[in-house]
Amino acid sequence: MIRRFLAVLWLGGLVQCGYAQDATYLTPPKPLADLVNTPATPGFSVDSKGDWVLITERSEHPSIADLAQPELRLAGLRINPANNGPSRGSFFINLKLRKLRGKDEIQVKGLPANAHLANVSWSPDEKQIAFTHSTDTKIEVYVLDVATATARKLTDLAVNAAITGPLAWVSDSKALIVATIPASRGGAPAINRVPAGPTIQENLGKKGQAPTYQDLLKNPSDEKQFEYYATTQVIRLGLDGTAQAIGQPMLVTDVSPSPDGNYVLVESIHRPFSYIVPLSYFPTRVEVYGKDGSPVKTLTDNPLVENAPWGSDATIPYPRGFNWRADVPATVYWVEPKDGGDPKRKIAIRDVVKTLDAPFATEAKDLYATALRFGGIAWGNEKTAIVYERWWQTRKLTAKILNPNDPANPAVLFERSFEDKYSDPGQPEMRKNAFGRSVLDISANNEVYYLNTTGASPEGDRPFVSILNLNTKQFKPVWRSEAPCFEVPVTTLPGGELLTRREAVDQNPNYFLRSLIVPKKKKATVAPVQVSFFPDPYPQLKGIQKQVLRYKRNDGVDLTATLYLPAGYKKEDGPLPTFLWAYPAEFKSKDAAGQVSGSPYKFNAISYWGAAAFVTMGYAILDNASIPIIGEGDKEPNDTYVEQLVASAKAAIDEGVRLGVVDSSRVGVGGHSYGAFMTANLLTHSKLFKGGIARSGAYNRTLTPFGFQNEQRTYWQAPEVYNRMSPFMNADKMKTPLLLIHGEADNNTGTFPIQSERYYNALKGMGATARLVFLPYESHGYTAKESLLHMLSEMNSWLDKYVKNAGTAGTSGKTGAVGGRN
């Protein structure tokens, strides 16, 4: 077994040996450490009337001691057995209120000591805010009265947040639907370390293709633990503390009251459980209950799904997606596949959306039939909804305007490739209706605002707002972000006002109000009004230079990258050591792949997470360098993955050299997850780089044989592609130093920690220069302060030795072949 922390101590330089040693957490130079220690900017939540703002102050990074607390990994969940909530997550530590058009902040009274707040939710009438507080032993329900800025604990009942969202407001704002721990649950079952016999799985000739899931159930003892912690008693909890049970205790995965508050929709799972798929594939029952807790209707009881069709366009072969229509009092809708969920079947109708009205005594009605896979619906009113269909294989997205009262002839609103960022109209603006549910904000002129928060364009990202006329189906732009700022629409408010979040290279993001009503006098302008006043969280980064680069790959594809240069740098200072960071993306169209992304006007919010942090260490940074992998027509992108990967990286470096800022003899490359996979491949198949950093990646694609990322073919359909793309299969070609970092508790599909362990062993066996660091208790993303500081320290030392000082690093030295303790 690998030691808890597999790393080789620096001791002034790399120890040239292959065995594992214990190590202590390291701290990077102060400019890097400051990025981790900087407090997060508070959250800013505005009510729909534009009256009140809730300011949420976030907790700092947890300590490694926090992550080391007991944790159960069951059926795809990670549970804290002490308080029956999720074992990982962030919290708010303080709440404040203020008027949107004021500056005075009101400290909320009545908050618990050592607050760990989550699940914050405005009431439908927006006079109150519900939230949970996690203690060491239980999770509690609190309600905040906005008018008095006072919070109070609502009940002594303990919340069960292990498996479902624990709170939902009833439309009258007088009660909550709450997932609680059954009062009669008793003590937890003992974890049985002695098996009653072997664990056996069996397949009787049916295809059961699935990703490599993690944290699955493994034995009957796990099943008992899972059932114990997942069992929930749903209650209707009045603000006066009265509680009404909804049904009996069950393993609830989702619960929501009807818009009129008279019914509750409950989704639960039950035995038999599975050892090869997570809980989302377990037998699922969906039921409607009355507000008095009595059962009304069972809508479906799906069996266990272990052999579902596989692929991006596949789905389970049973009814799915049960929810309430937001625009009417009590109507359930759901989706039923007509192709068995199998995208390979040739069939005219893929999905049918069905509805059933209260009191649920009749047969369900067909509302809408899709030619592609159902992609969601935005409800408006009884005459208007917008329904979406999509198909991954062709990248096609269709939106239609549907009349729910007369659904026979829905009108096409648009058809587009969702790869084509330039044609994206954004998302329709929603408002709260009389039930407190979000519906399309349809004006008296039958118009809807559309907000695009990216606003991709040939000039770069320029977020915008447009108006859709539902009669003519035409979009009319009414506002767009202008240089030298990057301004994002957040929401529209009564009176024709737009709330935005505005930033510039030297101005940290803050919120502004601006009018969407065009002045009668064309020359008249109404200046935006600033309504938040958050200070610059990174004053030490003033002067860092940023530029969006545009350049071409050798096959003519347009590419982009964001260039960061150190404060005070001048071209006369000469080219700099460089760090390139990227994450490849697959495309079916060269035109879509070459579209410009990014904005030169965004605030220099340098994160500790990627490469940009190392501009503080004197590097030129090529951040988010576009690495498109294209397969047009019948061709698959990954058929030429390596060639396109290397060509894209070379083009970015060449552009930096052309500008005189990149020293091509001192370039490093890095990435996280699929970016780590990219990094290992670039070092394997090119001589562009002096060193690389790969975090939490997958390197042997035979361990993900039923597809990976967006590859739809199985290993047996395209073995040459899997083998060529796997750095593990090409470990003998690795001649460039590689730092591997991985969370020891990675639960991401496909990136098992064994991927890094086995790849490191292969590199060691082939005499490569490599270093493997396992971060204790960390998942796919790292959260503990000690882990983040150590990650930056490792990265900085590796870049310093093998990139910045490449000429003296002695990179041809081989690691020893001493057997490690595995």
# chains A, B, ... in the order shown; residues from 1 in each chain; ligands from 1

call {"tool": "residues_around", "arguments": {"residues": "Pro278 in chain A", "least_positions_apart": "5", "cutoff": "12 Å", "atoms": "only C-alpha atoms", "output": "mmCIF file with N, CA and C atoms, in the first residue's frame"}}
result
data_model
loop_
_atom_site.group_PDB
_atom_site.id
_atom_site.type_symbol
_atom_site.label_atom_id
_atom_site.label_comp_id
_atom_site.auth_asym_id
_atom_site.auth_seq_id
_atom_site.Cartn_x
_atom_site.Cartn_y
_atom_site.Cartn_z
ATOM 1 N N ARG A 73 -17.966 6.624 2.573
ATOM 2 C CA ARG A 73 -18.043 6.728 1.118
ATOM 3 C C ARG A 73 -18.942 5.611 0.630
ATOM 4 N N LEU A 74 -20.186 5.973 0.328
ATOM 5 C CA LEU A 74 -21.219 4.974 0.075
ATOM 6 C C LEU A 74 -22.079 5.360 -1.117
ATOM 7 N N ALA A 75 -22.205 4.467 -2.073
ATOM 8 C CA ALA A 75 -23.138 4.624 -3.199
ATOM 9 C C ALA A 75 -22.925 5.918 -3.973
ATOM 10 N N GLY A 76 -21.687 6.402 -4.025
ATOM 11 C CA GLY A 76 -21.385 7.651 -4.714
ATOM 12 C C GLY A 76 -21.469 8.874 -3.834
ATOM 13 N N LEU A 77 -21.812 8.685 -2.558
ATOM 14 C CA LEU A 77 -21.900 9.793 -1.610
ATOM 15 C C LEU A 77 -20.690 9.816 -0.690
ATOM 16 N N ARG A 78 -20.448 10.980 -0.115
ATOM 17 C CA ARG A 78 -19.475 11.108 0.963
ATOM 18 C C ARG A 78 -20.194 11.770 2.133
ATOM 19 N N ILE A 163 -28.235 13.007 1.487
ATOM 20 C CA ILE A 163 -28.590 12.490 0.169
ATOM 21 C C ILE A 163 -29.430 13.452 -0.654
ATOM 22 N N ALA A 210 -20.498 1.071 -18.550
ATOM 23 C CA ALA A 210 -20.646 2.154 -17.572
ATOM 24 C C ALA A 210 -19.290 2.781 -17.296
ATOM 25 N N PRO A 211 -19.282 4.032 -16.857
ATOM 26 C CA PRO A 211 -18.011 4.659 -16.450
ATOM 27 C C PRO A 211 -17.434 3.961 -15.229
ATOM 28 N N THR A 212 -16.218 4.318 -14.907
ATOM 29 C CA THR A 212 -15.556 3.751 -13.730
ATOM 30 C C THR A 212 -15.907 4.593 -12.513
ATOM 31 N N TYR A 213 -17.085 4.324 -11.945
ATOM 32 C CA TYR A 213 -17.555 5.095 -10.792
ATOM 33 C C TYR A 213 -16.729 4.773 -9.552
ATOM 34 N N GLN A 214 -16.748 5.706 -8.603
ATOM 35 C CA GLN A 214 -16.030 5.526 -7.352
ATOM 36 C C GLN A 214 -16.981 5.638 -6.165
ATOM 37 N N ASP A 215 -16.474 5.279 -4.984
ATOM 38 C CA ASP A 215 -17.230 5.352 -3.723
ATOM 39 C C ASP A 215 -18.492 4.484 -3.765
ATOM 40 N N LEU A 216 -18.419 3.339 -4.413
ATOM 41 C CA LEU A 216 -19.582 2.473 -4.540
ATOM 42 C C LEU A 216 -19.743 1.579 -3.317
ATOM 43 N N LEU A 217 -20.955 1.024 -3.166
ATOM 44 C CA LEU A 217 -21.175 0.005 -2.147
ATOM 45 C C LEU A 217 -20.350 -1.236 -2.503
ATOM 46 N N LYS A 218 -19.846 -1.909 -1.459
ATOM 47 C CA LYS A 218 -18.966 -3.050 -1.717
ATOM 48 C C LYS A 218 -19.436 -4.341 -1.069
ATOM 49 N N PHE A 226 -25.342 2.591 4.464
ATOM 50 C CA PHE A 226 -25.991 3.503 3.522
ATOM 51 C C PHE A 226 -27.467 3.674 3.862
ATOM 52 N N ILE A 269 -35.370 6.038 -3.248
ATOM 53 C CA ILE A 269 -34.767 4.825 -3.785
ATOM 54 C C ILE A 269 -34.972 3.691 -2.797
ATOM 55 N N PHE A 273 -29.893 -2.762 -4.017
ATOM 56 C CA PHE A 273 -28.833 -1.825 -4.336
ATOM 57 C C PHE A 273 -27.835 -2.469 -5.310
ATOM 58 N N PRO A 283 -33.173 1.394 -7.810
ATOM 59 C CA PRO A 283 -34.622 1.423 -8.009
ATOM 60 C C PRO A 283 -35.217 2.708 -7.439
ATOM 61 N N LEU A 304 -33.864 -1.296 -10.782
ATOM 62 C CA LEU A 304 -32.427 -1.047 -10.792
ATOM 63 C C LEU A 304 -31.932 -0.988 -12.236
ATOM 64 N N VAL A 305 -31.060 -0.008 -12.517
ATOM 65 C CA VAL A 305 -30.526 0.161 -13.870
ATOM 66 C C VAL A 305 -29.015 -0.077 -13.833
ATOM 67 N N GLU A 306 -28.609 -1.265 -14.204
ATOM 68 C CA GLU A 306 -27.176 -1.577 -14.299
ATOM 69 C C GLU A 306 -26.728 -1.756 -15.737
ATOM 70 N N ASN A 747 -12.566 11.276 -6.104
ATOM 71 C CA ASN A 747 -13.788 10.523 -6.410
ATOM 72 C C ASN A 747 -14.338 10.851 -7.787
ATOM 73 N N THR A 749 -15.055 10.485 -11.655
ATOM 74 C CA THR A 749 -15.153 9.336 -12.543
ATOM 75 C C THR A 749 -13.939 9.274 -13.468
#

call {"tool": "residues_around", "arguments": {"residues": "Tyr333 in chain A", "least_positions_apart": "3", "cutoff": "6 Å", "atoms": "only C-alpha atoms", "output": "VMD selection string"}}
result
chain A and resid 322 to 323 354 to 355

call {"tool": "write_last_selection", "arguments": {"atoms": "N, CA and C atoms", "output": "short mmCIF file (atom, residue, chain, number, x, y, z; two decimals), in the first residue's frame"}}
result
data_model
loop_
_atom_site.label_atom_id
_atom_site.label_comp_id
_atom_site.auth_asym_id
_atom_site.auth_seq_id
_atom_site.Cartn_x
_atom_site.Cartn_y
_atom_site.Cartn_z
N PHE A 322 -38.95 13.93 -13.00
CA PHE A 322 -40.25 14.33 -12.45
C PHE A 322 -40.12 15.68 -11.75
N ASN A 323 -41.06 16.58 -12.04
CA ASN A 323 -41.03 17.90 -11.43
C ASN A 323 -42.41 18.55 -11.57
N LYS A 354 -44.66 14.22 -20.57
CA LYS A 354 -46.02 13.91 -20.14
C LYS A 354 -46.38 14.77 -18.94
N THR A 355 -47.68 15.04 -18.78
CA THR A 355 -48.15 15.84 -17.65
C THR A 355 -49.34 15.14 -17.00
#

call {"tool": "closest_residue", "arguments": {"among": "A:Val288, A:Asn510, A:Thr704, A:Lys49", "to": "Gly496 in chain A", "atoms": "only C-alpha atoms"}}
result
A:Lys49

call {"tool": "residues_around", "arguments": {"residues": "Val529 in chain A", "least_positions_apart": "6", "cutoff": "8 Å", "atoms": "only C-alpha atoms", "output": "list in words"}}
result
Phe512, Leu513 and Arg514 of chain A

call {"tool": "residues_around", "arguments": {"residues": "Ala676 in chain A", "least_positions_apart": "2", "cutoff": "7 Å", "atoms": "only C-alpha atoms", "output": "ChimeraX atom specification"}}
result
/A:670-674,678-680,694-697

call {"tool": "closest_residue", "arguments": {"among": "A:Ala175, A:Val159, A:Leu703, A:Val296", "to": "Gln233 in chain A", "atoms": "only C-alpha atoms"}}
result
A:Val159

call {"tool": "residues_around", "arguments": {"residues": "range 771-786 of chain A", "least_positions_apart": "2", "cutoff": "6 Å", "atoms": "only C-alpha atoms", "output": "PyMOL selection string"}}
result
chain A and resi 5-7+61-64+739-748+788-789

call {"tool": "write_last_selection", "arguments": {"atoms": "C-alpha atoms", "output": "mmCIF file, in the first residue's frame"}}
result
data_model
loop_
_atom_site.group_PDB
_atom_site.id
_atom_site.type_symbol
_atom_site.label_atom_id
_atom_site.label_comp_id
_atom_site.auth_asym_id
_atom_site.auth_seq_id
_atom_site.Cartn_x
_atom_site.Cartn_y
_atom_site.Cartn_z
ATOM 1 C CA PHE A 5 1.878 10.896 1.559
ATOM 2 C CA LEU A 6 4.012 9.661 -1.311
ATOM 3 C CA ALA A 7 6.611 12.314 -1.937
ATOM 4 C CA HIS A 61 -10.236 27.021 3.503
ATOM 5 C CA PRO A 62 -10.736 24.103 5.867
ATOM 6 C CA SER A 63 -7.717 22.686 7.645
ATOM 7 C CA ILE A 64 -6.372 19.238 6.961
ATOM 8 C CA LEU A 739 5.534 16.339 -11.455
ATOM 9 C CA LEU A 740 2.402 14.309 -10.658
ATOM 10 C CA ILE A 741 0.016 15.544 -7.944
ATOM 11 C CA HIS A 742 -3.148 13.690 -7.005
ATOM 12 C CA GLY A 743 -5.767 13.850 -4.276
ATOM 13 C CA GLU A 744 -5.565 10.630 -2.316
ATOM 14 C CA ALA A 745 -9.380 10.541 -2.046
ATOM 15 C CA ASP A 746 -10.180 11.520 -5.661
ATOM 16 C CA ASN A 747 -13.788 10.523 -6.410
ATOM 17 C CA ASN A 748 -14.005 11.854 -9.958
ATOM 18 C CA LEU A 788 -3.112 24.213 -1.370
ATOM 19 C CA LEU A 789 0.011 25.776 0.078
#

call {"tool": "residues_around", "arguments": {"residues": "Thr562 in chain A", "least_positions_apart": "5", "cutoff": "6 Å", "atoms": "only C-alpha atoms", "output": "number ranges by chain"}}
result
A: 547-549, 622-623

call {"tool": "select_by_dssp", "arguments": {"residues": "range 162-296 of chain A", "states": "alpha helix (DSSP H)", "output": "PyMOL selection string"}}
result
chain A and resi 220-230

call {"tool": "write_last_selection", "arguments": {"atoms": "N, CA and C atoms", "output": "PDB file, in the first residue's frame"}}
result
ATOM      1  N   PRO A 220     -22.507  -6.211   2.121  1.00  0.00           N
ATOM      2  CA  PRO A 220     -23.731  -6.008   2.912  1.00  0.00           C
ATOM      3  C   PRO A 220     -23.569  -5.025   4.062  1.00  0.00           C
ATOM      4  N   SER A 221     -22.378  -4.943   4.633  1.00  0.00           N
ATOM      5  CA  SER A 221     -22.163  -3.969   5.705  1.00  0.00           C
ATOM      6  C   SER A 221     -22.308  -2.551   5.186  1.00  0.00           C
ATOM      7  N   ASP A 222     -21.763  -2.280   3.990  1.00  0.00           N
ATOM      8  CA  ASP A 222     -21.935  -0.963   3.364  1.00  0.00           C
ATOM      9  C   ASP A 222     -23.407  -0.671   3.112  1.00  0.00           C
ATOM     10  N   GLU A 223     -24.141  -1.669   2.668  1.00  0.00           N
ATOM     11  CA  GLU A 223     -25.564  -1.473   2.399  1.00  0.00           C
ATOM     12  C   GLU A 223     -26.306  -1.024   3.652  1.00  0.00           C
ATOM     13  N   LYS A 224     -26.000  -1.647   4.774  1.00  0.00           N
ATOM     14  CA  LYS A 224     -26.669  -1.281   6.026  1.00  0.00           C
ATOM     15  C   LYS A 224     -26.302   0.134   6.447  1.00  0.00           C
ATOM     16  N   GLN A 225     -25.020   0.488   6.296  1.00  0.00           N
ATOM     17  CA  GLN A 225     -24.596   1.846   6.633  1.00  0.00           C
ATOM     18  C   GLN A 225     -25.308   2.867   5.751  1.00  0.00           C
ATOM     19  N   PHE A 226     -25.342   2.591   4.464  1.00  0.00           N
ATOM     20  CA  PHE A 226     -25.991   3.503   3.522  1.00  0.00           C
ATOM     21  C   PHE A 226     -27.467   3.674   3.862  1.00  0.00           C
ATOM     22  N   GLU A 227     -28.149   2.586   4.105  1.00  0.00           N
ATOM     23  CA  GLU A 227     -29.575   2.646   4.406  1.00  0.00           C
ATOM     24  C   GLU A 227     -29.826   3.432   5.689  1.00  0.00           C
ATOM     25  N   TYR A 228     -28.947   3.262   6.655  1.00  0.00           N
ATOM     26  CA  TYR A 228     -29.114   3.959   7.932  1.00  0.00           C
ATOM     27  C   TYR A 228     -28.993   5.471   7.757  1.00  0.00           C
ATOM     28  N   TYR A 229     -27.928   5.922   7.103  1.00  0.00           N
ATOM     29  CA  TYR A 229     -27.686   7.361   7.005  1.00  0.00           C
ATOM     30  C   TYR A 229     -28.547   8.039   5.939  1.00  0.00           C
ATOM     31  N   ALA A 230     -29.038   7.276   4.956  1.00  0.00           N
ATOM     32  CA  ALA A 230     -29.843   7.877   3.893  1.00  0.00           C
ATOM     33  C   ALA A 230     -31.329   7.922   4.214  1.00  0.00           C
TER      34      ALA A 230
END

call {"tool": "closest_residue", "arguments": {"among": "A:Pro410, A:Gly568, A:Gly594, A:Gly675", "to": "Ala582 in chain A", "atoms": "only C-alpha atoms"}}
result
A:Gly675

call {"tool": "atom_distance", "arguments": {"atom1": "CA of Lys476 in chain A", "atom2": "CA of Glu447 in chain A"}}
result
10.3 Å

call {"tool": "decode", "arguments": {"residues": "range 336-353 of chain A", "atoms": "N, CA and C atoms", "output": "tab-separated table (two decimals), in the first residue's frame"}}
result
chain	number	residue	atom	x	y	z
A	336	GLU	N	-40.51	10.45	-20.82
A	336	GLU	CA	-40.41	9.02	-21.07
A	336	GLU	C	-39.70	8.79	-22.40
A	337	PRO	N	-38.64	7.97	-22.40
A	337	PRO	CA	-37.93	7.71	-23.65
A	337	PRO	C	-38.71	6.74	-24.54
A	338	LYS	N	-38.73	7.00	-25.82
A	338	LYS	CA	-39.36	6.09	-26.78
A	338	LYS	C	-38.34	5.25	-27.52
A	339	ASP	N	-37.06	5.55	-27.31
A	339	ASP	CA	-35.99	4.77	-27.95
A	339	ASP	C	-35.29	3.86	-26.94
A	340	GLY	N	-35.91	3.65	-25.77
A	340	GLY	CA	-35.27	2.85	-24.74
A	340	GLY	C	-34.04	3.51	-24.16
A	341	GLY	N	-33.87	4.83	-24.41
A	341	GLY	CA	-32.69	5.54	-23.94
A	341	GLY	C	-31.45	5.30	-24.78
A	342	ASP	N	-31.60	4.55	-25.89
A	342	ASP	CA	-30.47	4.13	-26.70
A	342	ASP	C	-30.30	5.06	-27.90
A	343	PRO	N	-29.24	5.86	-27.96
A	343	PRO	CA	-29.07	6.79	-29.08
A	343	PRO	C	-28.77	6.08	-30.40
A	344	LYS	N	-28.39	4.81	-30.35
A	344	LYS	CA	-28.06	4.10	-31.59
A	344	LYS	C	-29.31	3.66	-32.35
A	345	ARG	N	-30.45	3.65	-31.69
A	345	ARG	CA	-31.69	3.26	-32.37
A	345	ARG	C	-32.14	4.35	-33.33
A	346	LYS	N	-32.57	3.95	-34.51
A	346	LYS	CA	-33.10	4.89	-35.50
A	346	LYS	C	-34.61	5.02	-35.26
A	347	ILE	N	-35.02	6.18	-34.78
A	347	ILE	CA	-36.41	6.36	-34.40
A	347	ILE	C	-36.77	7.84	-34.54
A	348	ALA	N	-38.00	8.12	-34.93
A	348	ALA	CA	-38.41	9.51	-35.18
A	348	ALA	C	-38.59	10.30	-33.89
A	349	ILE	N	-39.11	9.65	-32.84
A	349	ILE	CA	-39.37	10.33	-31.57
A	349	ILE	C	-38.47	9.73	-30.50
A	350	ARG	N	-37.67	10.56	-29.87
A	350	ARG	CA	-36.76	10.11	-28.82
A	350	ARG	C	-37.44	10.12	-27.45
A	351	ASP	N	-38.02	11.25	-27.09
A	351	ASP	CA	-38.62	11.45	-25.77
A	351	ASP	C	-40.02	12.03	-25.91
A	352	VAL	N	-40.85	11.74	-24.92
A	352	VAL	CA	-42.16	12.37	-24.82
A	352	VAL	C	-42.31	12.99	-23.44
A	353	VAL	N	-42.67	14.27	-23.38
A	353	VAL	CA	-42.95	14.95	-22.12
A	353	VAL	C	-44.41	14.71	-21.78
